[in-house]
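So this block is protein16.cif, mmCIF, C-alpha atoms and all ligand atoms:
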```cif
data_my_file
#
loop_
_atom_site.group_PDB
_atom_site.id
_atom_site.type_symbol
_atom_site.label_atom_id
_atom_site.label_comp_id
_atom_site.auth_asym_id
_atom_site.auth_seq_id
_atom_site.Cartn_x
_atom_site.Cartn_y
_atom_site.Cartn_z
ATOM 1 C CA MET A 1 83.801 100.089 -41.066
ATOM 2 C CA SER A 2 83.915 99.856 -37.314
ATOM 3 C CA CYS A 3 83.134 96.590 -35.589
ATOM 4 C CA GLN A 4 79.835 97.886 -34.183
ATOM 5 C CA ALA A 5 78.833 99.376 -37.525
ATOM 6 C CA GLU A 6 79.571 96.058 -39.190
ATOM 7 C CA CYS A 7 77.198 94.401 -36.725
ATOM 8 C CA ASP A 8 74.537 97.092 -37.151
ATOM 9 C CA ALA A 9 74.607 96.527 -40.900
ATOM 10 C CA GLN A 10 73.830 92.805 -40.603
ATOM 11 C CA ALA A 11 70.321 91.824 -39.592
ATOM 12 C CA ASN A 12 71.497 88.516 -38.125
ATOM 13 C CA CYS A 13 74.156 90.079 -35.863
ATOM 14 C CA SER A 14 73.169 90.460 -32.213
ATOM 15 C CA GLY A 15 76.395 91.869 -30.801
ATOM 16 C CA VAL A 16 80.169 91.856 -30.977
ATOM 17 C CA GLU A 17 83.204 90.903 -28.967
ATOM 18 C CA TRP A 18 86.176 93.229 -29.335
ATOM 19 C CA TYR A 19 89.710 92.069 -28.521
ATOM 20 C CA GLU A 20 91.994 95.075 -28.547
ATOM 21 C CA SER A 21 95.083 92.903 -28.624
ATOM 22 C CA GLY A 22 93.589 90.548 -31.184
ATOM 23 C CA TRP A 23 92.234 87.037 -30.952
ATOM 24 C CA ASN A 24 92.160 84.363 -33.608
ATOM 25 C CA LYS A 25 93.561 86.755 -36.222
ATOM 26 C CA SER A 26 90.904 89.389 -35.626
ATOM 27 C CA LYS A 27 89.951 92.074 -33.124
ATOM 28 C CA CYS A 28 86.302 92.106 -34.130
ATOM 29 C CA HIS A 29 84.132 89.029 -33.622
ATOM 30 C CA LEU A 30 80.498 89.210 -34.684
ATOM 31 C CA MET A 31 77.872 87.248 -32.804
ATOM 32 C CA LEU A 32 75.445 85.988 -35.406
ATOM 33 C CA THR A 33 71.957 84.584 -34.997
ATOM 34 C CA GLY A 34 71.983 80.811 -34.996
ATOM 35 C CA TRP A 35 74.753 80.542 -32.443
ATOM 36 C CA GLY A 36 75.493 76.867 -32.977
ATOM 37 C CA SER A 37 75.608 76.682 -36.742
ATOM 38 C CA ASN A 38 77.314 80.038 -37.168
ATOM 39 C CA ARG A 39 79.728 79.700 -34.323
ATOM 40 C CA ALA A 40 82.713 78.506 -36.304
ATOM 41 C CA THR A 41 82.418 81.008 -39.124
ATOM 42 C CA ALA A 42 81.669 83.900 -36.760
ATOM 43 C CA GLY A 43 84.895 83.282 -34.889
ATOM 44 C CA GLN A 44 83.220 83.410 -31.496
ATOM 45 C CA VAL A 45 85.464 82.398 -28.670
ATOM 46 C CA GLN A 46 85.293 81.078 -25.170
ATOM 47 C CA GLY A 47 87.603 80.102 -22.374
ATOM 48 C CA ARG A 48 90.239 82.114 -20.568
ATOM 49 C CA ARG A 49 90.380 84.897 -23.157
ATOM 50 C CA TRP A 50 86.780 85.836 -22.399
ATOM 51 C CA LYS A 51 88.041 88.145 -19.672
ATOM 52 C CA ASP A 52 89.830 90.221 -22.307
ATOM 53 C CA ALA A 53 86.728 90.841 -24.370
ATOM 54 C CA VAL A 54 84.905 94.132 -24.606
ATOM 55 C CA CYS A 55 81.350 93.256 -25.595
ATOM 56 C CA TYR A 56 78.678 95.261 -27.320
ATOM 57 C CA VAL A 57 75.099 94.034 -27.268
ATOM 58 C CA LYS A 58 73.435 95.560 -30.260
ATOM 59 C CA ASN A 59 70.428 97.803 -29.626
ATOM 60 C CA ASP A 60 70.435 97.173 -25.883
ATOM 61 C CA CYS A 61 73.247 99.561 -25.067
ATOM 62 C CA ASP A 62 74.198 102.877 -26.542
ATOM 63 C CA GLN A 63 76.458 105.796 -25.819
ATOM 64 C CA SER A 64 73.388 107.584 -24.581
ATOM 65 C CA SER A 65 71.135 105.782 -22.146
ATOM 66 C CA ARG A 66 68.174 103.604 -22.814
ATOM 67 C CA ILE A 67 64.834 104.999 -21.661
ATOM 68 C CA GLU A 68 62.410 102.634 -19.947
ATOM 69 C CA MET A 69 59.068 102.449 -21.714
ATOM 70 C CA THR A 70 55.825 101.487 -19.985
ATOM 71 C CA ASP A 71 52.095 101.120 -20.644
ATOM 72 C CA PRO A 72 52.305 100.302 -24.352
ATOM 73 C CA GLU A 73 49.156 100.690 -26.438
ATOM 74 C CA GLN A 74 48.327 100.208 -30.080
ATOM 75 C CA SER A 75 45.441 101.391 -32.217
ATOM 76 C CA SER A 76 43.939 97.912 -32.437
ATOM 77 C CA ASN A 77 44.828 94.274 -32.807
ATOM 78 C CA THR A 78 44.351 92.158 -35.873
ATOM 79 C CA PRO A 79 41.110 90.209 -35.685
ATOM 80 C CA TYR A 80 42.732 86.978 -36.762
ATOM 81 C CA ASN A 81 45.489 86.819 -34.208
ATOM 82 C CA VAL A 82 45.753 89.119 -31.229
ATOM 83 C CA ARG A 83 49.237 90.563 -30.973
ATOM 84 C CA GLU A 84 49.427 92.804 -27.958
ATOM 85 C CA ALA A 85 51.199 96.138 -27.739
ATOM 86 C CA GLY A 86 53.523 94.802 -25.023
ATOM 87 C CA ASN A 87 55.102 92.483 -27.560
ATOM 88 C CA ALA A 88 57.285 95.414 -28.639
ATOM 89 C CA LEU A 89 58.964 95.534 -25.233
ATOM 90 C CA ASP A 90 59.411 91.879 -24.314
ATOM 91 C CA GLY A 91 62.904 91.421 -25.728
ATOM 92 C CA GLN A 92 61.750 88.740 -28.143
ATOM 93 C CA ALA A 93 62.024 89.231 -31.888
ATOM 94 C CA LYS A 94 59.446 86.522 -32.570
ATOM 95 C CA SER A 95 56.632 88.360 -30.743
ATOM 96 C CA ILE A 96 55.347 91.299 -32.724
ATOM 97 C CA ILE A 97 52.739 94.046 -32.455
ATOM 98 C CA HIS A 98 50.207 94.234 -35.258
ATOM 99 C CA THR A 99 47.466 96.793 -35.821
ATOM 100 C CA GLU A 100 44.327 96.498 -37.885
ATOM 101 C CA ASN A 101 44.574 97.110 -41.596
ATOM 102 C CA ASN A 102 44.631 100.861 -42.066
ATOM 103 C CA SER A 103 46.972 103.559 -43.253
ATOM 104 C CA SER A 104 47.613 105.188 -39.891
ATOM 105 C CA GLY A 105 47.940 102.342 -37.401
ATOM 106 C CA TRP A 106 49.937 103.441 -34.370
ATOM 107 C CA TRP A 107 51.821 102.115 -31.354
ATOM 108 C CA THR A 108 52.678 104.223 -28.313
ATOM 109 C CA ALA A 109 54.249 103.928 -24.842
ATOM 110 C CA GLY A 110 55.116 106.261 -21.985
ATOM 111 C CA PHE A 111 58.361 106.885 -20.135
ATOM 112 C CA ASN A 112 56.978 105.804 -16.772
ATOM 113 C CA GLY A 113 55.616 109.300 -16.118
ATOM 114 C CA ALA A 114 58.978 111.033 -16.407
ATOM 115 C CA ASP A 115 60.354 113.457 -18.997
ATOM 116 C CA TYR A 116 63.371 112.474 -21.070
ATOM 117 C CA VAL A 117 65.259 114.091 -23.913
ATOM 118 C CA VAL A 118 64.941 111.544 -26.685
ATOM 119 C CA GLU A 119 67.862 111.404 -29.086
ATOM 120 C CA SER A 120 67.223 108.237 -31.060
ATOM 121 C CA VAL A 121 64.869 105.291 -31.404
ATOM 122 C CA LYS A 122 65.649 101.808 -32.632
ATOM 123 C CA ILE A 123 62.961 99.554 -34.067
ATOM 124 C CA GLN A 124 63.356 95.900 -34.995
ATOM 125 C CA ASN A 125 61.211 94.795 -37.890
ATOM 126 C CA ARG A 126 59.123 91.647 -37.697
ATOM 127 C CA PRO A 127 61.281 88.680 -38.708
ATOM 128 C CA ASP A 128 58.723 86.545 -40.519
ATOM 129 C CA GLY A 129 57.581 88.425 -43.603
ATOM 130 C CA PHE A 130 56.030 91.687 -44.821
ATOM 131 C CA GLY A 131 59.163 93.543 -43.747
ATOM 132 C CA ASN A 132 58.594 96.264 -46.343
ATOM 133 C CA ARG A 133 55.556 97.608 -44.498
ATOM 134 C CA LEU A 134 57.554 99.383 -41.782
ATOM 135 C CA GLY A 135 59.154 101.717 -44.336
ATOM 136 C CA ASN A 136 58.744 105.459 -43.733
ATOM 137 C CA ALA A 137 56.815 104.956 -40.470
ATOM 138 C CA THR A 138 56.931 108.143 -38.403
ATOM 139 C CA VAL A 139 58.292 108.438 -34.856
ATOM 140 C CA GLU A 140 57.010 111.194 -32.553
ATOM 141 C CA VAL A 141 57.847 112.263 -29.004
ATOM 142 C CA ASP A 142 55.001 114.072 -27.242
ATOM 143 C CA GLY A 143 53.456 114.644 -30.658
ATOM 144 C CA GLN A 144 56.561 116.315 -32.067
ATOM 145 C CA PRO A 145 58.237 114.676 -35.072
ATOM 146 C CA CYS A 146 61.488 112.862 -34.283
ATOM 147 C CA GLY A 147 62.046 111.304 -37.698
ATOM 148 C CA THR A 148 61.044 108.478 -39.996
ATOM 149 C CA VAL A 149 62.126 104.885 -40.475
ATOM 150 C CA ALA A 150 64.144 104.128 -43.604
ATOM 151 C CA ALA A 151 62.103 103.951 -46.807
ATOM 152 C CA THR A 152 63.188 100.385 -47.583
ATOM 153 C CA THR A 153 62.887 97.878 -44.738
ATOM 154 C CA VAL A 154 63.518 94.137 -44.600
ATOM 155 C CA ASP A 155 62.478 91.317 -42.270
ATOM 156 C CA GLY A 156 64.127 91.192 -38.867
ATOM 157 C CA ALA A 157 66.487 94.141 -39.283
ATOM 158 C CA TRP A 158 66.918 96.957 -36.763
ATOM 159 C CA TYR A 159 66.363 100.524 -37.926
ATOM 160 C CA THR A 160 67.634 103.582 -36.127
ATOM 161 C CA VAL A 161 65.679 106.818 -36.218
ATOM 162 C CA THR A 162 67.825 109.701 -34.993
ATOM 163 C CA CYS A 163 65.726 112.684 -33.978
ATOM 164 C CA THR A 164 66.481 115.717 -36.117
ATOM 165 C CA ASN A 165 66.675 117.595 -32.836
ATOM 166 C CA PRO A 166 66.554 115.909 -29.403
ATOM 167 C CA ILE A 167 62.998 116.147 -28.065
ATOM 168 C CA LEU A 168 61.876 116.514 -24.452
ATOM 169 C CA GLY A 169 58.822 114.436 -23.726
ATOM 170 C CA ARG A 170 57.186 111.620 -21.812
ATOM 171 C CA ASN A 171 55.821 109.363 -24.528
ATOM 172 C CA ILE A 172 56.678 107.972 -27.931
ATOM 173 C CA LYS A 173 54.481 107.093 -30.871
ATOM 174 C CA VAL A 174 55.127 105.165 -34.079
ATOM 175 C CA THR A 175 52.633 105.570 -36.926
ATOM 176 C CA SER A 176 52.383 103.672 -40.198
ATOM 177 C CA VAL A 177 52.205 105.627 -43.434
ATOM 178 C CA ALA A 178 51.771 102.566 -45.661
ATOM 179 C CA ASN A 179 48.300 101.381 -46.564
ATOM 180 C CA THR A 180 48.940 98.272 -44.492
ATOM 181 C CA PRO A 181 48.972 97.267 -40.831
ATOM 182 C CA LEU A 182 51.770 98.567 -38.648
ATOM 183 C CA HIS A 183 53.879 95.813 -37.201
ATOM 184 C CA PHE A 184 57.288 95.438 -35.623
ATOM 185 C CA ALA A 185 59.036 93.203 -33.115
ATOM 186 C CA GLU A 186 60.913 95.443 -30.663
ATOM 187 C CA ILE A 187 61.527 99.100 -29.942
ATOM 188 C CA ARG A 188 64.100 100.985 -27.842
ATOM 189 C CA ALA A 189 64.415 104.677 -27.046
ATOM 190 C CA PHE A 190 67.684 106.379 -26.096
ATOM 191 C CA GLY A 191 68.361 109.762 -24.545
ATOM 192 C CA LYS A 192 68.822 111.347 -21.146
HETATM 193 CA CA CA A 201 58.819 91.370 -29.206
#
```

Could I get this file's structure written as structure tokens?
Amino acid sequence: MSCQAECDAQANCSGVEWYESGWNKSKCHLMLTGWGSNRATAGQVQGRRWKDAVCYVKNDCDQSSRIEMTDPEQSSNTPYNVREAGNALDGQAKSIIHTENNSSGWWTAGFNGADYVVESVKIQNRPDGFGNRLGNATVEVDGQPCGTVAATTVDGAWYTVTCTNPILGRNIKVTSVANTPLHFAEIRAFGK
């Protein structure tokens, strides 16, 4: 498994450092959530060798480019705790979007008025419970199906939806298919 794939497979990994010539008996160093407590076991390094590192920040960089998303909206907020649509774009896992209880709650955002060819979408699940509810949610670009989130989803993990075919469009929409609210923490779109 590649270093990046190893990070992608672990919900608590936020990025990697790659030392081509090796460092501390390994080329691949995972950066795990809980920096302080995990630092020793993760093998993270500092000091003069930093300049040798090639770093990969998970879900914020990609071989294709990240598309800026603006004007987020969601079908409605929960009555008990307003969780705004912009929470999906604030870079914080702890702030989530949350629709009303229904089977087709949705979240959408535009591409700042421009057209992009969307190749993939990454969604981070809410970290604090009910992680199964995101399963099988659909992702659309300009109303055309891109793909669906994995059937089984867990708290806090990132899920990649690769469009079956790249789609040209200027907005993205995520819709729940579970008979529950739609909620997630962050979303990214990649394409050109
Ligand atoms: Ca957030």

I'd like to see the residues matched by the PyMOL selection byres (((chain A and resi 89-105) around 10) and not hetatm) on this file, and ideally I'd get them as a PDB file with C-alpha atoms, in the frame of the given file.
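selection_9.pdb was written with the following content:
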```pdb
ATOM      1  CA  ASP A  60      70.435  97.173 -25.883  1.00  0.00           C
ATOM      2  CA  GLU A  68      62.410 102.634 -19.947  1.00  0.00           C
ATOM      3  CA  MET A  69      59.068 102.449 -21.714  1.00  0.00           C
ATOM      4  CA  THR A  70      55.825 101.487 -19.985  1.00  0.00           C
ATOM      5  CA  ASP A  71      52.095 101.120 -20.644  1.00  0.00           C
ATOM      6  CA  PRO A  72      52.305 100.302 -24.352  1.00  0.00           C
ATOM      7  CA  GLU A  73      49.156 100.690 -26.438  1.00  0.00           C
ATOM      8  CA  GLN A  74      48.327 100.208 -30.080  1.00  0.00           C
ATOM      9  CA  SER A  75      45.441 101.391 -32.217  1.00  0.00           C
ATOM     10  CA  SER A  76      43.939  97.912 -32.437  1.00  0.00           C
ATOM     11  CA  ASN A  77      44.828  94.274 -32.807  1.00  0.00           C
ATOM     12  CA  THR A  78      44.351  92.158 -35.873  1.00  0.00           C
ATOM     13  CA  PRO A  79      41.110  90.209 -35.685  1.00  0.00           C
ATOM     14  CA  TYR A  80      42.732  86.978 -36.762  1.00  0.00           C
ATOM     15  CA  ASN A  81      45.489  86.819 -34.208  1.00  0.00           C
ATOM     16  CA  VAL A  82      45.753  89.119 -31.229  1.00  0.00           C
ATOM     17  CA  ARG A  83      49.237  90.563 -30.973  1.00  0.00           C
ATOM     18  CA  GLU A  84      49.427  92.804 -27.958  1.00  0.00           C
ATOM     19  CA  ALA A  85      51.199  96.138 -27.739  1.00  0.00           C
ATOM     20  CA  GLY A  86      53.523  94.802 -25.023  1.00  0.00           C
ATOM     21  CA  ASN A  87      55.102  92.483 -27.560  1.00  0.00           C
ATOM     22  CA  ALA A  88      57.285  95.414 -28.639  1.00  0.00           C
ATOM     23  CA  TRP A 106      49.937 103.441 -34.370  1.00  0.00           C
ATOM     24  CA  TRP A 107      51.821 102.115 -31.354  1.00  0.00           C
ATOM     25  CA  ALA A 109      54.249 103.928 -24.842  1.00  0.00           C
ATOM     26  CA  GLN A 124      63.356  95.900 -34.995  1.00  0.00           C
ATOM     27  CA  ASN A 125      61.211  94.795 -37.890  1.00  0.00           C
ATOM     28  CA  ARG A 126      59.123  91.647 -37.697  1.00  0.00           C
ATOM     29  CA  PRO A 127      61.281  88.680 -38.708  1.00  0.00           C
ATOM     30  CA  ASP A 128      58.723  86.545 -40.519  1.00  0.00           C
ATOM     31  CA  ALA A 137      56.815 104.956 -40.470  1.00  0.00           C
ATOM     32  CA  THR A 138      56.931 108.143 -38.403  1.00  0.00           C
ATOM     33  CA  GLY A 156      64.127  91.192 -38.867  1.00  0.00           C
ATOM     34  CA  ALA A 157      66.487  94.141 -39.283  1.00  0.00           C
ATOM     35  CA  VAL A 174      55.127 105.165 -34.079  1.00  0.00           C
ATOM     36  CA  THR A 175      52.633 105.570 -36.926  1.00  0.00           C
ATOM     37  CA  SER A 176      52.383 103.672 -40.198  1.00  0.00           C
ATOM     38  CA  VAL A 177      52.205 105.627 -43.434  1.00  0.00           C
ATOM     39  CA  ALA A 178      51.771 102.566 -45.661  1.00  0.00           C
ATOM     40  CA  ASN A 179      48.300 101.381 -46.564  1.00  0.00           C
ATOM     41  CA  THR A 180      48.940  98.272 -44.492  1.00  0.00           C
ATOM     42  CA  PRO A 181      48.972  97.267 -40.831  1.00  0.00           C
ATOM     43  CA  LEU A 182      51.770  98.567 -38.648  1.00  0.00           C
ATOM     44  CA  HIS A 183      53.879  95.813 -37.201  1.00  0.00           C
ATOM     45  CA  PHE A 184      57.288  95.438 -35.623  1.00  0.00           C
ATOM     46  CA  ALA A 185      59.036  93.203 -33.115  1.00  0.00           C
ATOM     47  CA  GLU A 186      60.913  95.443 -30.663  1.00  0.00           C
ATOM     48  CA  ILE A 187      61.527  99.100 -29.942  1.00  0.00           C
ATOM     49  CA  ARG A 188      64.100 100.985 -27.842  1.00  0.00           C
TER      50      ARG A 188
END
```

task = Identify which of the residues A:Ile123, A:Val117, A:Ile167, A:Ala9 lies closest to ligand CA 201 (chain A), counting all atoms listed in the file when measuring atom-to-atom distances.
result =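 Closest to ligand CA 201 (chain A) of all the choices is A:Ile123.
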
Interatomic distance, CA of Cys163 in chain A to CA of Phe130 in chain A (Å, one decimal) =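 Distance reported for this atom pair: 25.5 Å.
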
Expansion of the PyMOL selection byres (((chain A and resi 172) around 6) and not hetatm) into residues, as JSON, numbers by chain = {"A": [108, 109, 140, 141, 171, 173]}

task = Apply the PyMOL selection byres (((chain A and resi 4) around 8) and not hetatm) to the structure shown and report the selected residues as a list of chain:residue names.
result = A:Ser2, A:Cys3, A:Ala5, A:Glu6, A:Cys7, A:Asp8, A:Gly15, A:Val16, A:Tyr56, A:Lys58

With all atoms listed in the file as the counted atoms, please give the residues lying no more than 9 Å from Ala114 in chain A, apart from itself and same-chain residues fewer than 2 positions off, as a PDB file with C-alpha atoms, in the coordinates of the input.
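Just written: part.pdb:
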```
ATOM      1  CA  GLY A 110      55.116 106.261 -21.985  1.00  0.00           C
ATOM      2  CA  PHE A 111      58.361 106.885 -20.135  1.00  0.00           C
ATOM      3  CA  ASN A 112      56.978 105.804 -16.772  1.00  0.00           C
ATOM      4  CA  TYR A 116      63.371 112.474 -21.070  1.00  0.00           C
ATOM      5  CA  GLY A 169      58.822 114.436 -23.726  1.00  0.00           C
ATOM      6  CA  ARG A 170      57.186 111.620 -21.812  1.00  0.00           C
ATOM      7  CA  ASN A 171      55.821 109.363 -24.528  1.00  0.00           C
TER       8      ASN A 171
END
```

ask   = For the atom pair CA of Thr152 in chain A and CA of Asn12 in chain A, what is the interatomic distance in Å to one decimal place?
value =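 Calculated distance between CA of Thr152 in chain A and CA of Asn12 in chain A is 17.3 Å.
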
Point-to-point distance from CA of Asp155 in chain A to CA of Phe190 in chain A, Å rounded to tenths =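 A separation of 22.7 Å between them.
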
inquiry  = Which residue is closest to Ser14 in chain A? Choose from A:Arg133, A:Leu168, A:Trp158, A:Val118 and count all atoms listed in the file.
reply    =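 Closest to Ser14 in chain A of all the choices is A:Trp158.
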
Save range 165-191 of chain A to a file: N, CA and C atoms, as a PDB file, in the first residue's frame.
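Below is the file that was written, decode-v3.pdb:
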```
ATOM      1  N   ASN A 165     -18.190   9.238 -14.986  1.00  0.00           N
ATOM      2  CA  ASN A 165     -17.580  10.019 -16.064  1.00  0.00           C
ATOM      3  C   ASN A 165     -17.429  11.435 -15.542  1.00  0.00           C
ATOM      4  N   PRO A 166     -16.318  12.131 -15.852  1.00  0.00           N
ATOM      5  CA  PRO A 166     -16.194  13.531 -15.441  1.00  0.00           C
ATOM      6  C   PRO A 166     -17.382  14.337 -15.954  1.00  0.00           C
ATOM      7  N   ILE A 167     -17.873  15.256 -15.123  1.00  0.00           N
ATOM      8  CA  ILE A 167     -19.095  15.996 -15.464  1.00  0.00           C
ATOM      9  C   ILE A 167     -18.806  17.496 -15.481  1.00  0.00           C
ATOM     10  N   LEU A 168     -19.214  18.150 -16.557  1.00  0.00           N
ATOM     11  CA  LEU A 168     -19.093  19.602 -16.665  1.00  0.00           C
ATOM     12  C   LEU A 168     -20.294  20.242 -15.992  1.00  0.00           C
ATOM     13  N   GLY A 169     -20.017  21.171 -15.079  1.00  0.00           N
ATOM     14  CA  GLY A 169     -21.134  21.820 -14.410  1.00  0.00           C
ATOM     15  C   GLY A 169     -20.667  22.955 -13.526  1.00  0.00           C
ATOM     16  N   ARG A 170     -21.661  23.614 -12.903  1.00  0.00           N
ATOM     17  CA  ARG A 170     -21.321  24.751 -12.034  1.00  0.00           C
ATOM     18  C   ARG A 170     -21.920  24.636 -10.639  1.00  0.00           C
ATOM     19  N   ASN A 171     -22.410  23.462 -10.282  1.00  0.00           N
ATOM     20  CA  ASN A 171     -22.841  23.270  -8.899  1.00  0.00           C
ATOM     21  C   ASN A 171     -22.801  21.794  -8.552  1.00  0.00           C
ATOM     22  N   ILE A 172     -22.828  21.541  -7.253  1.00  0.00           N
ATOM     23  CA  ILE A 172     -22.760  20.168  -6.749  1.00  0.00           C
ATOM     24  C   ILE A 172     -23.863  19.992  -5.724  1.00  0.00           C
ATOM     25  N   LYS A 173     -24.383  18.781  -5.655  1.00  0.00           N
ATOM     26  CA  LYS A 173     -25.462  18.497  -4.713  1.00  0.00           C
ATOM     27  C   LYS A 173     -25.274  17.115  -4.109  1.00  0.00           C
ATOM     28  N   VAL A 174     -25.437  17.038  -2.797  1.00  0.00           N
ATOM     29  CA  VAL A 174     -25.377  15.763  -2.078  1.00  0.00           C
ATOM     30  C   VAL A 174     -26.758  15.513  -1.490  1.00  0.00           C
ATOM     31  N   THR A 175     -27.298  14.319  -1.702  1.00  0.00           N
ATOM     32  CA  THR A 175     -28.649  14.011  -1.231  1.00  0.00           C
ATOM     33  C   THR A 175     -28.641  12.716  -0.437  1.00  0.00           C
ATOM     34  N   SER A 176     -29.309  12.744   0.706  1.00  0.00           N
ATOM     35  CA  SER A 176     -29.412  11.542   1.542  1.00  0.00           C
ATOM     36  C   SER A 176     -30.411  10.560   0.950  1.00  0.00           C
ATOM     37  N   VAL A 177     -30.108   9.273   1.064  1.00  0.00           N
ATOM     38  CA  VAL A 177     -31.079   8.260   0.657  1.00  0.00           C
ATOM     39  C   VAL A 177     -31.549   7.458   1.867  1.00  0.00           C
ATOM     40  N   ALA A 178     -30.954   7.729   3.036  1.00  0.00           N
ATOM     41  CA  ALA A 178     -31.389   7.052   4.257  1.00  0.00           C
ATOM     42  C   ALA A 178     -32.608   7.793   4.817  1.00  0.00           C
ATOM     43  N   ASN A 179     -33.384   7.114   5.594  1.00  0.00           N
ATOM     44  CA  ASN A 179     -34.547   7.757   6.207  1.00  0.00           C
ATOM     45  C   ASN A 179     -34.124   8.461   7.495  1.00  0.00           C
ATOM     46  N   THR A 180     -33.137   9.349   7.319  1.00  0.00           N
ATOM     47  CA  THR A 180     -32.525  10.059   8.439  1.00  0.00           C
ATOM     48  C   THR A 180     -32.100  11.435   7.931  1.00  0.00           C
ATOM     49  N   PRO A 181     -31.678  12.321   8.812  1.00  0.00           N
ATOM     50  CA  PRO A 181     -31.102  13.577   8.329  1.00  0.00           C
ATOM     51  C   PRO A 181     -29.814  13.323   7.545  1.00  0.00           C
ATOM     52  N   LEU A 182     -29.504  14.252   6.667  1.00  0.00           N
ATOM     53  CA  LEU A 182     -28.192  14.253   6.014  1.00  0.00           C
ATOM     54  C   LEU A 182     -27.261  15.091   6.860  1.00  0.00           C
ATOM     55  N   HIS A 183     -26.101  14.542   7.172  1.00  0.00           N
ATOM     56  CA  HIS A 183     -25.110  15.376   7.849  1.00  0.00           C
ATOM     57  C   HIS A 183     -23.706  14.934   7.491  1.00  0.00           C
ATOM     58  N   PHE A 184     -22.820  15.913   7.377  1.00  0.00           N
ATOM     59  CA  PHE A 184     -21.402  15.635   7.188  1.00  0.00           C
ATOM     60  C   PHE A 184     -20.617  16.857   7.606  1.00  0.00           C
ATOM     61  N   ALA A 185     -19.289  16.693   7.701  1.00  0.00           N
ATOM     62  CA  ALA A 185     -18.453  17.741   8.288  1.00  0.00           C
ATOM     63  C   ALA A 185     -17.794  18.639   7.254  1.00  0.00           C
ATOM     64  N   GLU A 186     -17.293  18.039   6.171  1.00  0.00           N
ATOM     65  CA  GLU A 186     -16.542  18.798   5.161  1.00  0.00           C
ATOM     66  C   GLU A 186     -16.768  18.160   3.802  1.00  0.00           C
ATOM     67  N   ILE A 187     -16.592  18.980   2.751  1.00  0.00           N
ATOM     68  CA  ILE A 187     -16.686  18.451   1.401  1.00  0.00           C
ATOM     69  C   ILE A 187     -15.677  19.178   0.512  1.00  0.00           C
ATOM     70  N   ARG A 188     -15.083  18.448  -0.432  1.00  0.00           N
ATOM     71  CA  ARG A 188     -14.157  19.011  -1.404  1.00  0.00           C
ATOM     72  C   ARG A 188     -14.545  18.472  -2.772  1.00  0.00           C
ATOM     73  N   ALA A 189     -14.358  19.293  -3.797  1.00  0.00           N
ATOM     74  CA  ALA A 189     -14.561  18.833  -5.169  1.00  0.00           C
ATOM     75  C   ALA A 189     -13.249  19.027  -5.923  1.00  0.00           C
ATOM     76  N   PHE A 190     -12.940  18.074  -6.818  1.00  0.00           N
ATOM     77  CA  PHE A 190     -11.705  18.134  -7.586  1.00  0.00           C
ATOM     78  C   PHE A 190     -12.007  17.961  -9.071  1.00  0.00           C
ATOM     79  N   GLY A 191     -11.270  18.671  -9.895  1.00  0.00           N
ATOM     80  CA  GLY A 191     -11.464  18.573 -11.335  1.00  0.00           C
ATOM     81  C   GLY A 191     -10.627  19.623 -12.038  1.00  0.00           C
TER      82      GLY A 191
END
```
